[in-house]
file run-v4.cif (mmCIF, C-alpha atoms and all ligand atoms)
data_coords
#
loop_
_atom_site.label_atom_id
_atom_site.label_comp_id
_atom_site.auth_asym_id
_atom_site.auth_seq_id
_atom_site.Cartn_x
_atom_site.Cartn_y
_atom_site.Cartn_z
CA MET F 29 -13.10 -4.79 -22.30
CA LYS F 30 -12.48 -5.43 -26.01
CA ASN F 31 -9.80 -3.39 -27.74
CA ILE F 32 -6.52 -2.40 -26.16
CA ILE F 33 -5.79 1.23 -26.95
CA ASN F 34 -2.41 1.49 -25.24
CA GLU F 35 -0.05 -0.55 -23.06
CA PHE F 36 3.40 -0.62 -21.55
CA THR F 37 5.59 -3.10 -19.71
CA VAL F 38 8.45 -2.37 -17.34
CA ARG F 39 10.88 -4.74 -15.70
CA PHE F 40 12.86 -3.79 -12.62
CA PRO F 41 14.83 -5.48 -9.81
CA SER F 42 13.09 -6.18 -6.51
CA ARG F 43 14.57 -3.25 -4.62
CA SER F 44 12.22 -1.40 -2.31
CA ALA F 45 13.30 1.92 -3.85
CA ASN F 46 11.38 0.83 -6.98
CA GLU F 47 8.00 0.62 -5.21
CA SER F 48 7.42 4.34 -5.48
CA PHE F 49 8.51 4.33 -9.13
CA ALA F 50 6.16 1.46 -10.03
CA ARG F 51 3.02 2.95 -8.45
CA SER F 52 3.72 6.41 -9.89
CA ALA F 53 4.45 5.03 -13.38
CA ALA F 54 1.20 3.03 -13.41
CA ALA F 55 -0.84 6.02 -12.24
CA ALA F 56 0.81 8.38 -14.74
CA PHE F 57 -0.02 6.01 -17.60
CA VAL F 58 -3.62 5.38 -16.49
CA ALA F 59 -4.11 9.17 -16.32
CA GLN F 60 -4.55 9.00 -20.12
CA LEU F 61 -8.04 7.62 -19.50
CA ASP F 62 -8.90 10.82 -17.63
CA PRO F 63 -10.01 9.15 -14.38
CA THR F 64 -10.90 10.94 -11.15
CA VAL F 65 -8.18 11.73 -8.61
CA GLU F 66 -9.65 9.12 -6.27
CA GLU F 67 -9.53 6.42 -8.97
CA LEU F 68 -5.88 7.24 -9.64
CA TYR F 69 -5.13 6.81 -5.94
CA ASP F 70 -6.95 3.45 -6.00
CA ILE F 71 -4.69 2.30 -8.85
CA LYS F 72 -1.59 3.60 -7.08
CA THR F 73 -2.51 1.84 -3.85
CA ALA F 74 -3.31 -1.50 -5.51
CA VAL F 75 -0.09 -1.44 -7.55
CA SER F 76 1.91 -0.62 -4.44
CA GLU F 77 0.43 -3.68 -2.68
CA ALA F 78 1.15 -6.03 -5.58
CA VAL F 79 4.72 -4.82 -6.14
CA THR F 80 5.56 -4.74 -2.44
CA ASN F 81 4.38 -8.36 -2.15
CA CYS F 82 6.87 -9.43 -4.86
CA ILE F 83 9.68 -7.69 -2.98
CA VAL F 84 8.74 -8.68 0.58
CA HIS F 85 7.43 -12.21 -0.01
CA GLY F 86 8.24 -13.46 -3.53
CA TYR F 87 11.91 -12.54 -3.30
CA ARG F 88 12.10 -12.60 0.50
CA ASP F 89 15.79 -13.50 0.78
CA THR F 90 16.93 -12.77 -2.75
CA LEU F 91 16.95 -10.12 -5.42
CA GLY F 92 14.85 -10.96 -8.48
CA SER F 93 13.07 -9.39 -11.40
CA ILE F 94 9.53 -7.97 -11.36
CA SER F 95 7.53 -7.14 -14.44
CA MET F 96 4.53 -4.85 -14.59
CA THR F 97 2.21 -4.42 -17.57
CA VAL F 98 -0.45 -1.73 -17.71
CA ARG F 99 -3.14 -1.99 -20.40
CA LEU F 100 -5.79 0.54 -21.26
CA TYR F 101 -8.97 -0.60 -23.00
CA GLU F 102 -11.31 1.27 -25.27
CA ASN F 103 -14.16 1.05 -22.75
CA GLY F 104 -12.13 2.89 -20.08
CA THR F 105 -10.84 -0.17 -18.22
CA ALA F 106 -7.30 -0.24 -16.85
CA GLU F 107 -5.72 -3.65 -16.38
CA ILE F 108 -2.51 -4.21 -14.44
CA ILE F 109 -0.43 -7.36 -14.36
CA VAL F 110 2.39 -7.73 -11.83
CA ARG F 111 4.58 -10.82 -12.03
CA ASP F 112 7.49 -12.27 -10.08
CA ARG F 113 9.51 -15.46 -10.44
CA GLY F 114 9.89 -15.84 -6.70
CA CYS F 115 8.89 -18.44 -4.12
CA GLY F 116 5.19 -18.57 -5.02
CA ILE F 117 2.20 -19.08 -2.72
CA ASP F 118 1.24 -22.53 -1.39
CA ASP F 119 -2.42 -21.76 -0.75
CA VAL F 120 -3.75 -18.73 -2.64
CA LYS F 121 -7.21 -18.91 -1.08
CA LEU F 122 -5.72 -18.74 2.41
CA ALA F 123 -3.26 -15.99 1.41
CA ARG F 124 -6.16 -13.82 0.21
CA GLU F 125 -7.97 -13.99 3.58
CA PRO F 126 -7.92 -10.67 5.46
CA MET F 127 -5.17 -10.59 8.09
CA PHE F 128 -3.42 -13.72 6.84
CA THR F 129 0.31 -12.98 6.71
CA THR F 130 3.60 -14.83 6.74
CA GLY F 131 5.39 -11.51 7.24
CA GLY F 132 5.32 -11.10 11.04
CA ALA F 133 4.78 -7.82 12.87
CA ASP F 134 5.94 -5.64 9.96
CA ARG F 135 2.91 -6.70 7.90
CA SER F 136 -0.82 -6.56 8.50
CA GLY F 137 -2.04 -9.19 6.01
CA MET F 138 -4.29 -6.66 4.31
CA GLY F 139 -2.62 -6.28 0.89
CA PHE F 140 -4.91 -8.59 -1.09
CA THR F 141 -7.96 -7.24 0.74
CA ILE F 142 -6.98 -3.71 -0.30
CA MET F 143 -6.35 -4.77 -3.93
CA GLU F 144 -9.78 -6.43 -3.95
CA SER F 145 -11.63 -3.47 -2.51
CA PHE F 146 -9.82 -0.78 -4.53
CA MET F 147 -10.08 -2.58 -7.90
CA ASP F 148 -13.07 -4.24 -9.62
CA LYS F 149 -11.39 -7.57 -10.33
CA LEU F 150 -8.41 -9.41 -8.89
CA SER F 151 -6.98 -12.74 -9.95
CA VAL F 152 -3.96 -14.39 -8.36
CA ARG F 153 -2.14 -17.25 -10.02
CA SER F 154 0.78 -18.79 -8.25
CA VAL F 155 2.90 -21.91 -8.35
CA ALA F 156 5.08 -22.67 -5.34
CA GLY F 157 8.69 -22.45 -6.44
CA TRP F 158 7.83 -20.71 -9.74
CA GLY F 159 6.34 -17.37 -8.92
CA THR F 160 3.17 -15.33 -8.75
CA THR F 161 1.08 -13.34 -11.22
CA VAL F 162 -1.45 -10.82 -9.99
CA LYS F 163 -3.91 -9.43 -12.53
CA MET F 164 -6.32 -6.70 -11.60
CA SER F 165 -8.61 -4.33 -13.43
CA LYS F 166 -10.80 -1.36 -12.84
CA ARG F 167 -13.34 0.37 -15.05
CA LEU F 168 -12.81 4.10 -14.77
CA THR F 169 -15.53 6.68 -14.90
CA ARG F 170 -14.28 9.08 -17.48
CA ARG F 171 -14.87 12.62 -16.44
CA GLU F 172 -15.49 13.54 -20.05
CA ALA F 173 -16.40 11.14 -22.85
CA LYS F 174 -14.16 11.70 -25.83
CA MET K 13 9.59 10.32 4.44
CA THR K 14 10.35 12.68 7.28
CA VAL K 15 9.32 12.30 10.92
CA ASN K 16 9.17 15.42 13.12
CA HIS K 17 7.84 15.81 16.61
CA SER K 18 6.86 18.46 19.12
CA LEU K 19 6.08 18.28 22.84
CA SER K 20 3.69 20.02 25.16
CA ASP K 21 2.66 18.96 28.64
CA GLY K 22 2.49 15.16 28.34
CA LEU K 23 1.45 15.31 24.69
CA VAL K 24 3.76 14.24 21.86
CA ARG K 25 2.76 15.23 18.37
CA ILE K 26 4.49 13.23 15.63
CA GLU K 27 4.26 14.51 12.06
CA LEU K 28 4.78 12.16 9.11
CA GLN K 29 5.55 13.73 5.77
CA GLY K 30 5.92 12.22 2.28
CA GLU K 31 5.07 8.70 1.14
CA LEU K 32 4.62 5.83 3.58
CA GLY K 33 5.10 2.47 1.85
CA HIS K 34 7.26 -0.55 2.64
CA HIS K 35 10.46 1.30 1.64
CA GLU K 36 9.85 4.06 4.18
CA ALA K 37 8.11 2.09 6.94
CA ILE K 38 11.13 0.70 8.80
CA THR K 39 12.75 4.11 9.29
CA ALA K 40 9.43 5.68 10.23
CA MET K 41 8.75 2.97 12.81
CA GLN K 42 12.21 3.31 14.38
CA ARG K 43 11.85 7.08 14.69
CA ILE K 44 8.36 6.82 16.20
CA ASN K 45 9.52 4.22 18.73
CA GLU K 46 12.50 6.36 19.74
CA ILE K 47 10.33 9.44 20.25
CA ILE K 48 7.80 7.54 22.37
CA GLU K 49 10.45 5.76 24.44
CA VAL K 50 12.41 8.94 25.16
CA HIS K 51 9.45 11.13 26.14
CA LEU K 52 7.04 8.55 27.67
CA PRO K 53 4.03 10.77 26.89
CA ARG K 54 0.49 10.37 28.20
CA ARG K 55 -0.96 11.20 24.80
CA VAL K 56 0.39 10.68 21.28
CA GLN K 57 -0.99 12.43 18.22
CA LEU K 58 0.13 11.02 14.89
CA ASP K 59 -0.27 13.83 12.37
CA LEU K 60 -0.74 12.37 8.88
CA ALA K 61 -1.71 15.58 7.07
CA GLY K 62 1.63 15.62 5.20
CA LEU K 63 1.28 12.08 3.82
CA SER K 64 1.01 12.08 0.03
CA PHE K 65 0.54 8.29 -0.08
CA MET K 66 0.08 5.35 2.27
CA ASP K 67 -0.42 1.60 1.73
CA SER K 68 -0.74 -1.44 3.98
CA SER K 69 2.78 -0.86 5.30
CA GLY K 70 1.28 2.20 6.99
CA ILE K 71 -1.38 0.03 8.66
CA ALA K 72 1.40 -1.92 10.38
CA VAL K 73 3.09 1.34 11.43
CA VAL K 74 -0.13 2.64 13.01
CA MET K 75 -0.89 -0.69 14.73
CA ARG K 76 2.63 -0.98 16.14
CA THR K 77 2.48 2.62 17.34
CA LEU K 78 -0.80 1.77 19.04
CA ARG K 79 0.85 -1.19 20.79
CA GLY K 80 3.80 0.98 21.85
CA CYS K 81 1.38 3.55 23.30
CA ARG K 82 -0.64 0.92 25.17
CA ASP K 83 2.57 -0.50 26.68
CA ILE K 84 3.22 2.81 28.42
CA GLY K 85 -0.43 3.65 29.05
CA ALA K 86 -0.57 6.47 26.50
CA ALA K 87 -3.59 7.32 24.32
CA LEU K 88 -3.15 7.46 20.54
CA SER K 89 -5.08 9.49 17.99
CA LEU K 90 -4.54 10.22 14.29
CA GLN K 91 -4.83 13.79 13.05
CA GLY K 92 -5.32 15.36 9.62
CA THR K 93 -5.64 11.97 7.92
CA PRO K 94 -5.83 12.45 4.11
CA GLN K 95 -8.67 10.73 2.25
CA GLN K 96 -6.44 8.10 0.58
CA ALA K 97 -4.82 7.05 3.87
CA ARG K 98 -8.21 7.01 5.56
CA ARG K 99 -9.59 4.58 2.97
CA VAL K 100 -6.62 2.25 3.44
CA LEU K 101 -6.96 2.35 7.24
CA SER K 102 -10.73 1.80 7.09
CA ALA K 103 -10.35 -1.16 4.72
CA ALA K 104 -8.30 -2.77 7.50
CA GLY K 105 -10.73 -1.77 10.27
CA VAL K 106 -8.10 0.41 11.99
CA ASP K 107 -10.80 3.06 12.47
CA LYS K 108 -12.45 0.69 14.96
CA VAL K 109 -9.44 0.66 17.32
CA VAL K 110 -7.90 4.13 16.85
CA ASP K 111 -9.54 7.54 16.80
CA ILE K 112 -8.97 8.83 13.24
CA LYS K 113 -9.41 12.55 12.55
N1 LIG F 201 4.21 -12.27 -4.67
C1 LIG F 201 4.12 -13.13 -3.64
N2 LIG F 201 4.99 -14.16 -3.51
C2 LIG F 201 4.91 -15.03 -2.47
N3 LIG F 201 3.99 -14.92 -1.47
C3 LIG F 201 3.10 -13.92 -1.54
C4 LIG F 201 3.11 -12.96 -2.60
N4 LIG F 201 2.09 -12.09 -2.41
C5 LIG F 201 1.48 -12.46 -1.28
N5 LIG F 201 2.07 -13.56 -0.73
C6 LIG F 201 1.63 -14.29 0.48
O1 LIG F 201 0.31 -13.90 0.79
C7 LIG F 201 0.23 -13.32 2.10
C8 LIG F 201 -0.83 -12.25 2.13
O2 LIG F 201 -0.46 -11.13 1.31
P1 LIG F 201 -1.06 -9.69 1.67
O3 LIG F 201 -0.48 -8.69 0.74
O4 LIG F 201 -2.55 -9.80 1.73
O5 LIG F 201 -0.57 -9.43 3.16
P2 LIG F 201 0.93 -9.13 3.65
O6 LIG F 201 1.79 -8.75 2.51
O7 LIG F 201 1.38 -10.27 4.49
O8 LIG F 201 0.71 -7.85 4.59
P3 LIG F 201 0.44 -6.34 4.08
O9 LIG F 201 0.20 -6.39 2.61
O10 LIG F 201 -0.76 -5.89 4.84
O11 LIG F 201 1.66 -5.58 4.43
C9 LIG F 201 1.64 -12.87 2.41
O12 LIG F 201 1.91 -12.80 3.79
C10 LIG F 201 2.47 -13.96 1.72
O13 LIG F 201 2.54 -15.13 2.51
MG MG F 202 1.21 -7.37 1.13
#
call {"tool": "encode", "arguments": {"input": "run-v4.cif", "output": "structure tokens"}}
result
Amino acid sequence: MKNIINEFTVRFPSRSANESFARSAAAAFVAQLDPTVEELYDIKTAVSEAVTNCIVHGYRDTLGSISMTVRLYENGTAEIIVRDRGCGIDDVKLAREPMFTTGGADRSGMGFTIMESFMDKLSVRSVAGWGTTVKMSKRLTRREAK
Amino acid sequence: MTVNHSLSDGLVRIELQGELGHHEAITAMQRINEIIEVHLPRRVQLDLAGLSFMDSSGIAVVMRTLRGCRDIGAALSLQGTPQQARRVLSAAGVDKVVDIK
């Protein structure tokens, strides 16, 4: 991945109205790498999953702060880090299984599966009681080498 | 997110427009349930052509709509599904239980 050519970080409260803002902001920034429309949608979808998880699970009964960093690398890779200081995940391996959910009928347990299949890499670090950090990256096929 | 519907001869067509994420899902689900409960159709078409974005919250909406339809013996199909929504639904295997067009 090597050199970072650009990056930004935003911090916002865990209100569901910010989900749309977060995914659009990430996609708008990544657009600098000149990806395909489909790749931009992949980024948007993965970011939406990560941010929604902070709001729905991390800060289930409270309002907290979410931070999102988007980094662009010289080789055309976009890296996104979404972090909350919420309840954390007891068993990350179990949480990443398709259809595992603690969210009841409103959720399908497919968020991590979607992040995994829409991005190249996904890492989840979490400490129960301290919060969760999701880091994901995708190498974009640049439509035109510059 | 807006939810509109039209009726014809046992068929209810429900059109979703805008973005369907967690923020919009609860309202969308309530509206869909109301429409199905009031009209008790034999067939339900969920028209997704107007969706500009959908994530896993939309999977739960489709699956709960499917359950609501089965409860009253109605058949469900998805119409006009945009590519992005289709990829999300397929990742979850929804295409194996609902007819997606
Ligand atoms: N940020 C987080 N904080 C605490 N728990 C989390 C967080 N993210 C995920 N989890 C846990 O991992 C589980 C699986 O997450 P995943 O996104 O795959 O599915 P979901 O959110 O339950 O359903 P869906 O994403 O399909 O709506 C969640 O049900 C929750 O228990
Ligand atoms: Mg989720």
call {"tool": "interface_residues", "arguments": {"input": "run-v4.cif", "of": "chain K", "to": "chain F", "cutoff": "7 Å", "atoms": "all atoms listed in the file", "output": "list in words"}}
result
His34, His35, Asp67, Ser68, Ser69, Ile71, Ala72, Gln96, Ala103 and Ala104 of chain K
call {"tool": "atom_distance", "arguments": {"input": "run-v4.cif", "atom1": "CA of Arg98 in chain K", "atom2": "CA of Ile47 in chain K"}}
result
23.8 Å
call {"tool": "atom_distance", "arguments": {"input": "run-v4.cif", "atom1": "CA of Thr130 in chain F", "atom2": "atom O9 of ligand LIG 201 (chain F)"}}
result
10.0 Å
call {"tool": "atom_distance", "arguments": {"input": "run-v4.cif", "atom1": "CA of Met75 in chain K", "atom2": "CA of Leu122 in chain F"}}
result
22.4 Å
call {"tool": "closest_residue", "arguments": {"input": "run-v4.cif", "among": "K:Ser102, K:Gly33, K:Gly92, K:Leu28", "to": "ligand MG 202 (chain F)", "atoms": "only C-alpha atoms and all ligand atoms"}}
result
K:Gly33
call {"tool": "residues_around", "arguments": {"input": "run-v4.cif", "residues": "Val155 in chain F", "least_positions_apart": "4", "cutoff": "9 Å", "atoms": "all atoms listed in the file", "output": "PyMOL selection string"}}
result
chain F and resi 115-118+159-160
call {"tool": "closest_residue", "arguments": {"input": "run-v4.cif", "among": "F:Asp89, F:Arg153, F:Ile108, F:Ala123", "to": "Ala53 in chain F", "atoms": "all atoms listed in the file"}}
result
F:Ile108
call {"tool": "residues_around", "arguments": {"input": "run-v4.cif", "residues": "Arg54 in chain K", "least_positions_apart": "4", "cutoff": "9 Å", "atoms": "only C-alpha atoms", "output": "VMD selection string"}}
result
chain K and resid 21 to 24 81 84 to 88
call {"tool": "closest_residue", "arguments": {"input": "run-v4.cif", "among": "F:Arg170, F:Gly92, F:His85, F:Gly104", "to": "ligand MG 202 (chain F)", "atoms": "all atoms listed in the file"}}
result
F:His85
call {"tool": "residues_near_point", "arguments": {"input": "run-v4.cif", "point": "(8.6, 7.9, 24.0)", "cutoff": "12 Å", "atoms": "all atoms listed in the file", "output": "PyMOL selection string"}}
result
chain K and resi 17-19+22-26+42-56+77+80-86
call {"tool": "closest_residue", "arguments": {"input": "run-v4.cif", "among": "K:Leu63, K:Val15, K:Leu101, K:Ala40", "to": "ligand LIG 201 (chain F)", "atoms": "all atoms listed in the file"}}
result
K:Leu101
call {"tool": "closest_residue", "arguments": {"input": "run-v4.cif", "among": "F:Gly86, F:Pro41, F:Gly114, F:Gly157", "to": "ligand MG 202 (chain F)", "atoms": "all atoms listed in the file"}}
result
F:Gly86
call {"tool": "residues_around", "arguments": {"input": "run-v4.cif", "residues": "Ala106 in chain F", "least_positions_apart": "3", "cutoff": "10 Å", "atoms": "all atoms listed in the file", "output": "PyMOL selection string"}}
result
chain F and resi 29+32+34-35+54+57-59+61+71+98-103+147+164-168
call {"tool": "write_last_selection", "arguments": {"input": "run-v4.cif", "atoms": "C-alpha atoms", "output": "PDB file, keeping the file's coordinate frame"}}
result
ATOM      1  CA  MET F  29     -13.100  -4.790 -22.300  1.00  0.00           C
ATOM      2  CA  ILE F  32      -6.520  -2.400 -26.160  1.00  0.00           C
ATOM      3  CA  ASN F  34      -2.410   1.490 -25.240  1.00  0.00           C
ATOM      4  CA  GLU F  35      -0.050  -0.550 -23.060  1.00  0.00           C
ATOM      5  CA  ALA F  54       1.200   3.030 -13.410  1.00  0.00           C
ATOM      6  CA  PHE F  57      -0.020   6.010 -17.600  1.00  0.00           C
ATOM      7  CA  VAL F  58      -3.620   5.380 -16.490  1.00  0.00           C
ATOM      8  CA  ALA F  59      -4.110   9.170 -16.320  1.00  0.00           C
ATOM      9  CA  LEU F  61      -8.040   7.620 -19.500  1.00  0.00           C
ATOM     10  CA  ILE F  71      -4.690   2.300  -8.850  1.00  0.00           C
ATOM     11  CA  VAL F  98      -0.450  -1.730 -17.710  1.00  0.00           C
ATOM     12  CA  ARG F  99      -3.140  -1.990 -20.400  1.00  0.00           C
ATOM     13  CA  LEU F 100      -5.790   0.540 -21.260  1.00  0.00           C
ATOM     14  CA  TYR F 101      -8.970  -0.600 -23.000  1.00  0.00           C
ATOM     15  CA  GLU F 102     -11.310   1.270 -25.270  1.00  0.00           C
ATOM     16  CA  ASN F 103     -14.160   1.050 -22.750  1.00  0.00           C
ATOM     17  CA  MET F 147     -10.080  -2.580  -7.900  1.00  0.00           C
ATOM     18  CA  MET F 164      -6.320  -6.700 -11.600  1.00  0.00           C
ATOM     19  CA  SER F 165      -8.610  -4.330 -13.430  1.00  0.00           C
ATOM     20  CA  LYS F 166     -10.800  -1.360 -12.840  1.00  0.00           C
ATOM     21  CA  ARG F 167     -13.340   0.370 -15.050  1.00  0.00           C
ATOM     22  CA  LEU F 168     -12.810   4.100 -14.770  1.00  0.00           C
TER      23      LEU F 168
END
call {"tool": "closest_residue", "arguments": {"input": "run-v4.cif", "among": "F:Ser151, F:Gln60, F:Thr129, F:Thr90", "to": "ligand MG 202 (chain F)", "atoms": "all atoms listed in the file"}}
result
F:Thr129
